[in-house]
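The data block below is input.tsv; it holds TSV, C-alpha atoms.
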```tsv
chain	number	residue	atom	x	y	z
G	244	MET	CA	117.73	116.44	73.13
G	245	ASN	CA	115.68	118.72	75.36
G	246	ARG	CA	114.54	117.14	78.60
G	247	ILE	CA	111.46	114.95	78.26
G	248	TYR	CA	109.67	114.61	81.58
G	249	LEU	CA	107.51	111.49	81.91
G	250	ASP	CA	107.41	111.11	85.70
G	251	ASN	CA	104.32	113.16	86.47
G	252	ALA	CA	102.89	110.57	88.86
G	253	ALA	CA	105.85	111.41	91.12
G	254	THR	CA	105.53	115.19	90.84
G	255	THR	CA	104.40	117.80	88.34
G	256	ALA	CA	105.64	121.21	87.26
G	257	LEU	CA	104.11	124.15	89.15
G	258	ASP	CA	101.54	125.89	86.97
G	259	PRO	CA	102.47	129.57	86.38
G	260	GLN	CA	98.91	130.62	87.32
G	261	VAL	CA	99.30	128.77	90.63
G	262	LEU	CA	102.58	130.54	91.33
G	263	GLU	CA	100.90	133.86	90.53
G	264	ALA	CA	98.12	133.11	93.04
G	265	MET	CA	100.70	132.16	95.68
G	266	MET	CA	103.07	135.10	95.20
G	267	PRO	CA	101.23	137.69	97.33
G	268	TYR	CA	101.37	135.26	100.27
G	269	LEU	CA	105.06	134.62	99.67
G	270	THR	CA	105.79	138.35	99.77
G	271	GLU	CA	103.63	141.06	101.33
G	272	LYS	CA	100.66	139.03	102.68
G	273	PHE	CA	102.60	136.93	105.17
G	274	GLY	CA	100.51	137.53	108.31
G	275	ASN	CA	99.99	134.64	110.72
G	276	PRO	CA	96.45	133.26	110.13
G	277	SER	CA	96.07	132.74	113.89
G	278	SER	CA	96.62	136.42	114.68
G	279	ILE	CA	93.67	138.67	115.51
G	280	TYR	CA	94.93	141.82	113.74
G	281	SER	CA	93.63	142.60	110.24
G	282	TYR	CA	96.85	141.43	108.59
G	283	GLY	CA	96.36	137.98	110.11
G	284	ARG	CA	92.64	137.98	109.37
G	285	GLU	CA	93.44	138.47	105.67
G	286	SER	CA	95.52	135.31	105.76
G	287	ARG	CA	92.77	133.45	107.61
G	288	LEU	CA	90.27	134.54	104.95
G	289	ALA	CA	92.57	133.22	102.19
G	290	ILE	CA	92.73	129.81	103.88
G	291	GLU	CA	88.98	129.59	104.43
G	292	ASN	CA	88.29	130.65	100.85
G	293	ALA	CA	90.67	127.92	99.69
G	294	ARG	CA	88.88	125.40	101.91
G	295	LYS	CA	85.49	126.39	100.45
G	296	SER	CA	86.86	126.09	96.92
G	297	VAL	CA	88.34	122.62	97.53
G	298	ALA	CA	85.15	121.45	99.26
G	299	LYS	CA	82.93	122.68	96.43
G	300	ILE	CA	85.06	120.93	93.79
G	301	LEU	CA	85.10	117.64	95.71
G	302	GLY	CA	81.41	117.77	96.63
G	303	ALA	CA	82.14	118.03	100.35
G	304	HIS	CA	81.33	120.45	103.17
G	305	PRO	CA	84.15	122.92	104.05
G	306	ALA	CA	84.19	121.55	107.62
G	307	GLU	CA	85.21	118.15	106.18
G	308	ILE	CA	88.41	119.48	104.55
G	309	PHE	CA	91.65	119.66	106.54
G	310	PHE	CA	94.92	120.88	105.06
G	311	THR	CA	98.06	118.84	105.74
G	312	SER	CA	101.68	118.66	104.63
G	313	GLY	CA	100.75	116.12	101.93
G	314	GLY	CA	99.20	112.76	101.18
G	315	THR	CA	101.54	110.84	103.48
G	316	GLU	CA	100.56	112.79	106.58
G	317	ALA	CA	96.90	112.62	105.58
G	318	SER	CA	96.95	108.82	105.19
G	319	ASN	CA	98.89	108.36	108.44
G	320	THR	CA	96.33	110.51	110.25
G	321	ALA	CA	93.30	108.65	108.87
G	322	ILE	CA	94.66	105.13	109.39
G	323	THR	CA	95.96	105.78	112.90
G	324	ALA	CA	92.72	107.50	113.92
G	325	ALA	CA	90.61	104.64	112.59
G	326	VAL	CA	92.45	102.25	114.91
G	327	ARG	CA	92.94	104.45	117.98
G	328	ASP	CA	89.75	106.55	117.91
G	329	LEU	CA	87.17	104.61	115.89
G	330	GLY	CA	87.74	101.16	117.37
G	331	CYS	CA	89.03	99.36	114.28
G	332	THR	CA	91.04	96.35	115.42
G	333	HIS	CA	91.28	94.64	112.02
G	334	ILE	CA	92.85	96.35	108.99
G	335	ILE	CA	92.19	95.10	105.47
G	336	THR	CA	94.48	96.43	102.75
G	337	SER	CA	96.36	95.22	99.65
G	338	ALA	CA	99.98	94.42	98.85
G	339	ILE	CA	100.14	97.18	96.21
G	340	GLU	CA	99.29	100.20	98.36
G	341	HIS	CA	101.60	103.22	98.59
G	342	HIS	CA	104.18	102.88	101.36
G	343	ALA	CA	102.45	105.72	103.25
G	344	THR	CA	99.67	103.19	103.82
G	345	LEU	CA	101.63	99.93	103.96
G	346	HIS	CA	104.23	101.12	106.46
G	347	THR	CA	101.54	102.65	108.68
G	348	VAL	CA	99.37	99.52	108.83
G	349	GLU	CA	102.42	97.30	109.34
G	350	TYR	CA	103.55	99.52	112.24
G	351	LEU	CA	100.14	99.38	113.92
G	352	HIS	CA	100.06	95.60	113.43
G	353	LYS	CA	103.55	95.12	114.91
G	354	GLN	CA	102.54	97.26	117.88
G	355	GLY	CA	99.69	94.84	118.51
G	356	GLU	CA	97.02	97.47	117.86
G	357	ALA	CA	95.29	95.71	114.96
G	358	ALA	CA	95.12	92.45	113.05
G	359	LEU	CA	96.17	92.79	109.40
G	360	SER	CA	94.76	91.07	106.30
G	361	PHE	CA	95.68	91.48	102.64
G	362	VAL	CA	92.97	91.18	100.03
G	363	LYS	CA	93.86	89.02	97.05
G	364	LEU	CA	94.68	90.57	93.69
G	365	LEU	CA	93.41	89.46	90.31
G	366	THR	CA	95.95	88.72	87.56
G	367	ASP	CA	95.54	92.22	86.12
G	368	GLY	CA	96.27	93.86	89.50
G	369	HIS	CA	92.68	94.74	90.41
G	370	ILE	CA	91.29	93.99	93.85
G	371	ASP	CA	89.45	90.67	94.22
G	372	MET	CA	86.10	92.03	95.40
G	373	GLU	CA	84.78	88.59	96.35
G	374	HIS	CA	87.75	88.05	98.65
G	375	LEU	CA	87.29	91.52	100.14
G	376	GLU	CA	83.69	90.71	101.02
G	377	GLN	CA	84.79	87.34	102.41
G	378	LEU	CA	87.35	89.05	104.69
G	379	LEU	CA	84.73	91.53	105.90
G	380	ALA	CA	82.10	88.85	106.46
G	381	GLN	CA	84.47	86.60	108.39
G	382	SER	CA	85.89	89.29	110.66
G	383	GLU	CA	84.51	89.42	114.18
G	384	ASP	CA	86.25	92.77	114.77
G	385	LYS	CA	85.47	96.25	113.48
G	386	CYS	CA	87.41	96.67	110.25
G	387	LEU	CA	89.29	99.47	108.56
G	388	VAL	CA	89.48	98.98	104.81
G	389	THR	CA	92.29	101.05	103.27
G	390	LEU	CA	92.56	100.71	99.49
G	391	MET	CA	93.89	103.28	97.05
G	392	HIS	CA	91.66	104.77	94.38
G	393	ALA	CA	94.31	104.60	91.65
G	394	ASN	CA	97.62	102.81	91.94
G	395	ASN	CA	100.58	105.15	91.57
G	396	GLU	CA	102.71	102.60	89.70
G	397	ILE	CA	100.34	100.74	87.37
G	398	GLY	CA	97.36	103.13	87.29
G	399	ASN	CA	94.66	100.54	88.11
G	400	MET	CA	91.53	102.20	89.47
G	401	LEU	CA	89.39	100.88	92.31
G	402	ASP	CA	85.60	100.93	92.14
G	403	ILE	CA	85.44	103.26	95.14
G	404	HIS	CA	81.63	103.15	95.29
G	405	ALA	CA	81.47	99.36	95.28
G	406	VAL	CA	84.08	99.10	98.06
G	407	GLY	CA	82.31	101.82	100.03
G	408	GLU	CA	78.98	100.00	99.80
G	409	LEU	CA	80.62	96.80	101.05
G	410	CYS	CA	82.09	98.72	103.97
G	411	LYS	CA	78.66	100.15	104.78
G	412	LEU	CA	77.15	96.67	104.68
G	413	TYR	CA	79.67	95.31	107.19
G	414	GLY	CA	80.03	98.44	109.35
G	415	ALA	CA	83.66	99.04	108.31
G	416	ILE	CA	85.55	102.32	108.13
G	417	PHE	CA	86.79	103.09	104.61
G	418	HIS	CA	89.93	105.11	103.85
G	419	SER	CA	91.05	105.57	100.25
G	420	ASP	CA	94.39	107.02	99.21
G	421	THR	CA	93.22	109.28	96.39
G	422	VAL	CA	96.50	111.13	95.89
G	423	GLN	CA	96.68	110.04	92.23
G	424	THR	CA	93.05	110.96	91.51
G	425	VAL	CA	92.33	114.24	93.34
G	426	GLY	CA	93.01	116.81	90.63
G	427	HIS	CA	92.76	114.12	87.92
G	428	PHE	CA	89.29	112.73	88.40
G	429	PRO	CA	85.86	114.18	89.32
G	430	PHE	CA	84.61	113.57	92.87
G	431	ASP	CA	81.20	113.86	94.48
G	432	LEU	CA	81.95	113.02	98.10
G	433	ARG	CA	78.38	113.67	99.27
G	434	ASN	CA	77.37	110.63	97.23
G	435	THR	CA	80.49	108.51	97.80
G	436	PRO	CA	80.47	106.09	100.76
G	437	VAL	CA	83.95	106.85	102.10
G	438	HIS	CA	85.14	108.13	105.49
G	439	PHE	CA	88.59	109.48	104.54
G	440	ILE	CA	90.30	110.52	101.29
G	441	THR	CA	93.63	112.26	100.72
G	442	GLY	CA	95.26	114.62	98.23
G	443	GLY	CA	98.67	116.10	97.43
G	444	GLY	CA	99.08	119.42	95.63
G	445	HIS	CA	102.19	118.54	93.64
G	446	LYS	CA	100.40	115.75	91.76
G	447	PHE	CA	98.30	118.23	89.74
G	448	HIS	CA	100.61	121.20	89.10
G	449	GLY	CA	100.31	122.65	92.59
G	450	PRO	CA	103.07	123.22	95.17
G	451	LYS	CA	104.90	120.53	97.10
G	452	GLY	CA	104.49	120.27	100.86
G	453	VAL	CA	100.72	120.73	100.99
G	454	GLY	CA	97.90	118.22	100.93
G	455	MET	CA	94.42	117.62	102.25
G	456	LEU	CA	92.49	115.10	104.28
G	457	TYR	CA	88.75	114.72	103.86
G	458	ILE	CA	87.09	113.50	107.06
G	459	ASN	CA	83.42	112.65	106.68
G	460	GLU	CA	81.30	114.81	108.97
G	461	ASN	CA	79.94	111.73	110.76
G	462	VAL	CA	83.45	110.71	111.88
G	463	LYS	CA	85.02	112.21	115.00
G	464	ILE	CA	88.75	111.65	115.54
G	465	GLN	CA	91.56	113.03	117.69
G	466	PRO	CA	94.47	115.10	116.30
G	467	TYR	CA	97.48	113.23	114.93
G	468	ILE	CA	99.78	116.23	115.40
G	469	HIS	CA	99.47	117.99	118.76
G	470	GLY	CA	100.14	121.64	119.54
G	471	GLY	CA	98.14	124.72	118.61
G	472	SER	CA	94.49	124.90	117.62
G	473	GLN	CA	95.01	125.24	113.87
G	474	GLU	CA	92.69	123.42	111.45
G	475	ARG	CA	89.89	123.51	114.01
G	476	ASN	CA	92.03	121.72	116.63
G	477	MET	CA	92.74	118.87	114.19
G	478	ARG	CA	96.20	119.64	112.81
G	479	ALA	CA	98.57	121.74	114.92
G	480	GLY	CA	101.20	123.97	113.36
G	481	THR	CA	101.17	127.36	111.64
G	482	GLU	CA	99.33	126.91	108.36
G	483	ASN	CA	101.21	126.66	105.08
G	484	LEU	CA	99.40	129.75	103.83
G	485	TYR	CA	100.83	130.07	100.32
G	486	GLY	CA	100.77	126.28	99.88
G	487	ILE	CA	97.08	126.10	100.76
G	488	VAL	CA	96.26	128.96	98.37
G	489	GLY	CA	98.30	127.18	95.68
G	490	PHE	CA	96.59	123.83	96.33
G	491	ALA	CA	93.14	125.33	95.86
G	492	LYS	CA	94.15	127.25	92.72
G	493	ALA	CA	95.75	124.15	91.17
G	494	LEU	CA	92.65	122.07	91.90
G	495	GLU	CA	90.45	124.78	90.41
G	496	LEU	CA	92.52	124.83	87.19
G	497	ALA	CA	92.69	121.03	86.97
G	498	THR	CA	88.91	120.80	87.35
G	499	ALA	CA	88.22	123.50	84.76
G	500	GLY	CA	90.43	121.75	82.19
G	501	TYR	CA	89.50	118.16	83.09
G	502	ASP	CA	87.49	117.09	80.03
G	503	GLU	CA	89.91	118.40	77.43
G	504	GLU	CA	93.13	117.58	79.29
G	505	SER	CA	92.16	114.04	80.35
G	506	ALA	CA	91.23	113.16	76.75
G	507	TYR	CA	94.48	114.63	75.47
G	508	ILE	CA	96.65	112.84	78.04
G	509	ASN	CA	94.85	109.53	77.51
G	510	ALA	CA	95.52	109.83	73.78
G	511	LEU	CA	99.25	110.19	74.55
G	512	LYS	CA	99.15	107.06	76.70
G	513	MET	CA	97.34	105.04	74.02
G	514	HIS	CA	99.76	106.30	71.35
G	515	MET	CA	102.76	105.20	73.42
G	516	MET	CA	101.25	101.74	73.93
G	517	GLU	CA	100.61	101.37	70.22
G	518	GLN	CA	104.09	102.52	69.21
G	519	LEU	CA	105.84	100.34	71.79
G	520	ARG	CA	103.91	97.27	70.58
G	521	LYS	CA	104.95	98.04	67.01
G	522	GLN	CA	108.57	98.94	67.59
G	523	VAL	CA	109.88	97.05	70.64
G	524	LYS	CA	109.76	93.26	70.76
G	525	GLY	CA	108.59	91.51	73.90
G	526	VAL	CA	106.98	94.48	75.68
G	527	HIS	CA	104.38	93.75	78.34
G	528	PHE	CA	102.02	96.29	79.92
G	529	ASN	CA	101.44	95.92	83.65
G	530	GLY	CA	98.03	96.34	85.23
G	531	ASP	CA	94.93	97.10	83.16
G	532	PRO	CA	96.02	100.03	80.96
G	533	THR	CA	93.14	99.84	78.47
G	534	GLY	CA	90.51	99.03	81.10
G	535	HIS	CA	89.67	100.62	84.44
G	536	SER	CA	92.86	102.60	84.66
G	537	LEU	CA	94.08	106.12	85.27
G	538	TYR	CA	94.83	107.97	82.03
G	539	THR	CA	98.10	109.43	83.31
G	540	VAL	CA	100.08	106.21	83.98
G	541	LEU	CA	101.59	103.51	81.75
G	542	ASN	CA	103.73	100.78	83.27
G	543	VAL	CA	105.82	98.81	80.78
G	544	SER	CA	107.94	95.69	81.24
G	545	PHE	CA	110.80	95.12	78.82
G	546	PRO	CA	112.70	91.87	78.30
G	547	LYS	CA	115.67	91.73	80.67
G	548	THR	CA	119.02	92.06	78.88
G	549	GLU	CA	122.37	93.64	79.70
G	550	LYS	CA	121.08	96.77	77.96
G	551	SER	CA	117.62	96.92	79.53
G	552	GLU	CA	118.93	96.42	83.09
G	553	MET	CA	120.46	99.90	82.74
G	554	ILE	CA	117.41	101.37	81.07
G	555	LEU	CA	116.58	104.11	83.60
G	556	PHE	CA	120.21	105.20	83.74
G	557	ASN	CA	120.41	105.29	79.95
G	558	LEU	CA	117.14	107.17	79.65
G	559	ASP	CA	118.47	109.71	82.14
G	560	ILE	CA	121.67	110.15	80.09
G	561	ASN	CA	119.40	110.93	77.15
G	562	ASN	CA	117.44	113.55	79.16
G	563	ILE	CA	114.35	111.35	79.56
G	564	CYS	CA	112.82	111.26	83.05
G	565	ALA	CA	110.88	108.13	84.02
G	566	SER	CA	110.76	105.87	87.05
G	567	GLY	CA	110.96	102.12	87.51
G	568	GLY	CA	111.60	99.15	89.65
G	569	SER	CA	111.43	95.60	88.40
G	570	ALA	CA	110.42	92.58	90.42
G	571	CYS	CA	114.01	91.64	91.23
G	572	THR	CA	116.82	94.16	91.38
G	573	SER	CA	120.20	94.22	93.03
G	574	GLY	CA	121.85	96.61	95.44
G	575	ALA	CA	120.02	98.98	97.74
G	576	ASP	CA	116.99	99.23	95.45
G	577	ALA	CA	114.65	96.47	96.53
G	578	GLY	CA	112.57	96.95	93.39
G	579	SER	CA	108.86	97.64	93.09
G	580	HIS	CA	106.60	95.91	95.60
G	581	VAL	CA	103.73	96.54	93.19
G	582	ILE	CA	105.40	94.75	90.27
G	583	ARG	CA	106.48	91.91	92.57
G	584	ALA	CA	102.87	91.45	93.66
G	585	ILE	CA	101.34	91.29	90.17
G	586	ASN	CA	104.10	90.25	87.76
G	587	ASN	CA	106.95	88.60	89.61
G	588	ASN	CA	109.00	87.88	86.49
G	589	PRO	CA	112.77	88.24	87.03
G	590	ASN	CA	113.27	88.25	83.26
G	591	GLN	CA	111.55	91.60	82.83
G	592	VAL	CA	112.45	95.18	83.71
G	593	ALA	CA	109.57	97.54	84.53
G	594	VAL	CA	109.45	101.27	83.78
G	595	ARG	CA	106.63	103.67	84.66
G	596	PHE	CA	105.90	106.48	82.23
G	597	SER	CA	103.43	109.07	83.53
G	598	PHE	CA	102.03	111.95	81.52
G	599	CYS	CA	100.63	115.46	81.91
G	600	LYS	CA	99.08	118.18	79.79
G	601	HIS	CA	102.54	119.57	78.89
G	602	ASN	CA	103.72	116.39	77.15
G	603	THR	CA	103.45	116.07	73.37
G	604	ARG	CA	103.05	113.32	70.80
G	605	GLU	CA	106.48	114.27	69.43
G	606	GLU	CA	108.00	113.60	72.84
G	607	ILE	CA	106.36	110.17	72.98
G	608	ASP	CA	107.73	109.32	69.51
G	609	ALA	CA	111.22	110.46	70.55
G	610	VAL	CA	111.10	108.32	73.72
G	611	VAL	CA	109.89	105.22	71.82
G	612	ALA	CA	112.65	105.68	69.25
G	613	LYS	CA	115.22	105.93	72.04
G	614	LEU	CA	113.78	102.87	73.80
G	615	LYS	CA	114.02	100.88	70.57
G	616	GLU	CA	117.68	101.85	70.41
G	617	LEU	CA	118.36	101.08	74.10
G	618	ILE	CA	116.58	97.71	74.45
```

Could you write out this file's structure as structure tokens?
Amino acid sequence: MNRIYLDNAATTALDPQVLEAMMPYLTEKFGNPSSIYSYGRESRLAIENARKSVAKILGAHPAEIFFTSGGTEASNTAITAAVRDLGCTHIITSAIEHHATLHTVEYLHKQGEAALSFVKLLTDGHIDMEHLEQLLAQSEDKCLVTLMHANNEIGNMLDIHAVGELCKLYGAIFHSDTVQTVGHFPFDLRNTPVHFITGGGHKFHGPKGVGMLYINENVKIQPYIHGGSQERNMRAGTENLYGIVGFAKALELATAGYDEESAYINALKMHMMEQLRKQVKGVHFNGDPTGHSLYTVLNVSFPKTEKSEMILFNLDINNICASGGSACTSGADAGSHVIRAINNNPNQVAVRFSFCKHNTREEIDAVVAKLKELI
């Protein structure tokens, strides 16, 4: 069997058109963007054109876009700045955030820099909005709310506008980890009440090692990384020139193909759900896959048996790439904190399948047939 890749929420294949856009900057156009000679100015122009392109697509101003090494650095920067520069001494988050957020807020809390509260989750994994408002209303301190736009493991989507309006009402700073939605979902940041969002190029067929941080123009923060004056004194270090060019090109392509590709990928997801229900007994779908959910992610729990405990290993042997983590696992793998938070059933084994425009219905059918055999 040819390799079937269903782990696109982790990383995606580089689009050939993106590689083509990057190649000149990997070869002859390698000038330092900080240099004053024409060779360097060409590189600077490429970066600023990329910034304008990203800003236009996201409905932001170019001055609000900062390029980083990825979503993790971007989230660390935003969260740390909210506490140290913007006076937030109370952080409100959820138990199912990406570790780039969770580990950062836990560190700041342990250092004594901020109180930490976790908003309750509904049974389907969505944020309990009433509890969020209660936490905001009860807090005597300035709050940072950090909640992801779409969960990377179960795909649940946050009502980013509703959360943003609550934050406005209570004077809170709002950071949203949008790594799973930038490049997969339309944004209009001028009309979205959010202070910080993040993106990572490799989630939408761009290069690894490059991301972006949107900082609303009304927010003034200090650099997280100190050194040179790159990124308008906000992010020191020689710019990842070809990565930035690739990020912008990938976002441009993803935006141009959004309507057709999102419908196609969602159809694959729905087809897999239908076939699994028909062919595998005892399957359970985590989160809210047919509701307010990202079209690229399907998280499935299978009944725990001697066979299913080895499911990822056996899928790998059969050239099928997926990721997992059940509520309770042994050894070094502590399992999925997301699954533990919403479906803490030790008798189930969870697997995340995540799709892209390159996947086919035939691949889905082959994977379901193999799962039926393996469970």

message: Between G:Ala479, G:Leu390, G:Ala358, G:Ala303, which residue has the minimum interatomic distance to Phe430 (chain G), considering all atoms listed in the file?
response: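 Between G:Ala479, G:Leu390, G:Ala358, G:Ala303, the residue approaching Phe430 (chain G) most closely is G:Ala303.
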
- request: Identify which of the residues G:Val453, G:Leu555, G:Ala584, G:Leu541 lies closest to Ile487 (chain G), counting all atoms listed in the file when measuring atom-to-atom distances.
  value: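 For Ile487 (chain G), the nearest of the candidates is G:Val453.
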
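Using only C-alpha atoms for every distance, the candidate list G:Ile468, G:Ala325, G:Leu365, G:Ile563 yields G:Ala325 as the residue closest to Leu351 (chain G).
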
Residue list as a PyMOL selection string for point (94.6, 90.4, 102.6), cut-off 7 Å, all atoms listed in the file: chain G and resi 335-337+360-363

- prompt: With distances taken over all atoms listed in the file, which of G:Asp258, G:Glu271, G:Asp328, G:Glu307 is nearest to Asn461 (chain G)?
  reply: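 Closest to Asn461 (chain G) of all the choices is G:Glu307.
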
- request: Could you please determine the separation between CA of Gly302 (chain G) and CA of Met400 (chain G) in Å, to one decimal place?
  value: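 Separating CA of Gly302 (chain G) from CA of Met400 (chain G) is a distance of 19.9 Å.
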
Identify, on the basis of only C-alpha atoms, every residue whose closest approach to region 347-349 of chain G does not exceed 8 Å; exclude the query and any residue fewer than 3 positions from it along the same chain; express the result as a compact mmCIF listing (two decimals) with C-alpha atoms, keeping the file's coordinate frame.
```txt
# COMPACT_ATOMS: atom_id res chain seq x y z
CA ASN G 319 98.89 108.36 108.44
CA ILE G 322 94.66 105.13 109.39
CA THR G 323 95.96 105.78 112.90
CA ILE G 334 92.85 96.35 108.99
CA HIS G 342 104.18 102.88 101.36
CA ALA G 343 102.45 105.72 103.25
CA THR G 344 99.67 103.19 103.82
CA HIS G 352 100.06 95.60 113.43
CA LYS G 353 103.55 95.12 114.91
CA LEU G 359 96.17 92.79 109.40
```

message: Calculated over all atoms listed in the file, which of the candidates G:Gly444, G:Ser536, G:Ala565, G:Ala506 has the smallest distance to Ala256 (chain G)?
response: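 Under the stated criterion, the closest residue is G:Gly444.
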
- prompt: What does the distance from CA of Pro305 (chain G) to CA of Asn399 (chain G) come to in Å, to one decimal?
  reply: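 One can read the CA of Pro305 (chain G) to CA of Asn399 (chain G) distance as 29.4 Å.
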
query: Closest to Ile554 (chain G) among G:Tyr501, G:Ile618, G:Val581, G:Pro267, using only C-alpha atoms?
result: G:Ile618

Neighbourhood query: residues within 10 Å of (116.3, 97.4, 81.3), file coordinates, counting all atoms listed in the file; return as an mmCIF file with C-alpha atoms, in the coordinates of the input.
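That gives us result00.cif:
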```cif
data_model
loop_
_atom_site.group_PDB
_atom_site.id
_atom_site.type_symbol
_atom_site.label_atom_id
_atom_site.label_comp_id
_atom_site.auth_asym_id
_atom_site.auth_seq_id
_atom_site.Cartn_x
_atom_site.Cartn_y
_atom_site.Cartn_z
ATOM 1 C CA SER G 544 107.940 95.690 81.240
ATOM 2 C CA PHE G 545 110.800 95.120 78.820
ATOM 3 C CA PRO G 546 112.700 91.870 78.300
ATOM 4 C CA LYS G 547 115.670 91.730 80.670
ATOM 5 C CA THR G 548 119.020 92.060 78.880
ATOM 6 C CA GLU G 549 122.370 93.640 79.700
ATOM 7 C CA LYS G 550 121.080 96.770 77.960
ATOM 8 C CA SER G 551 117.620 96.920 79.530
ATOM 9 C CA GLU G 552 118.930 96.420 83.090
ATOM 10 C CA MET G 553 120.460 99.900 82.740
ATOM 11 C CA ILE G 554 117.410 101.370 81.070
ATOM 12 C CA LEU G 555 116.580 104.110 83.600
ATOM 13 C CA PHE G 556 120.210 105.200 83.740
ATOM 14 C CA ASN G 557 120.410 105.290 79.950
ATOM 15 C CA LEU G 558 117.140 107.170 79.650
ATOM 16 C CA GLY G 567 110.960 102.120 87.510
ATOM 17 C CA GLY G 568 111.600 99.150 89.650
ATOM 18 C CA SER G 569 111.430 95.600 88.400
ATOM 19 C CA ASN G 590 113.270 88.250 83.260
ATOM 20 C CA GLN G 591 111.550 91.600 82.830
ATOM 21 C CA VAL G 592 112.450 95.180 83.710
ATOM 22 C CA ALA G 593 109.570 97.540 84.530
ATOM 23 C CA VAL G 594 109.450 101.270 83.780
ATOM 24 C CA LEU G 614 113.780 102.870 73.800
ATOM 25 C CA LEU G 617 118.360 101.080 74.100
ATOM 26 C CA ILE G 618 116.580 97.710 74.450
#
```

message: Report, in Å with one decimal, the straight-line distance from CA of Ala380 (chain G) to CA of Ala393 (chain G).
response: 24.8 Å

Nearby residues (only C-alpha atoms) at most 10 Å from Ala253 (chain G), same-chain spacing under 6 positions excluded, as a compact mmCIF listing (two decimals) with C-alpha atoms, keeping the file's coordinate frame:
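Result saved to around24.txt:
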```txt
# COMPACT_ATOMS: atom_id res chain seq x y z
CA ASN G 395 100.58 105.15 91.57
CA GLU G 396 102.71 102.60 89.70
CA GLN G 423 96.68 110.04 92.23
CA HIS G 445 102.19 118.54 93.64
CA LYS G 446 100.40 115.75 91.76
CA ALA G 565 110.88 108.13 84.02
CA SER G 566 110.76 105.87 87.05
CA SER G 597 103.43 109.07 83.53
```

field: Distance query Met516 (chain G) at most 10 Å, all atoms listed in the file, self and fewer than 5 positions along chain excluded, as a list in words
entry: Ala510, Leu511, Lys521, Val526, His527, Phe528, Pro532, Thr533, Leu541, Asn542, Val543, Ile607 and Val611 of chain G
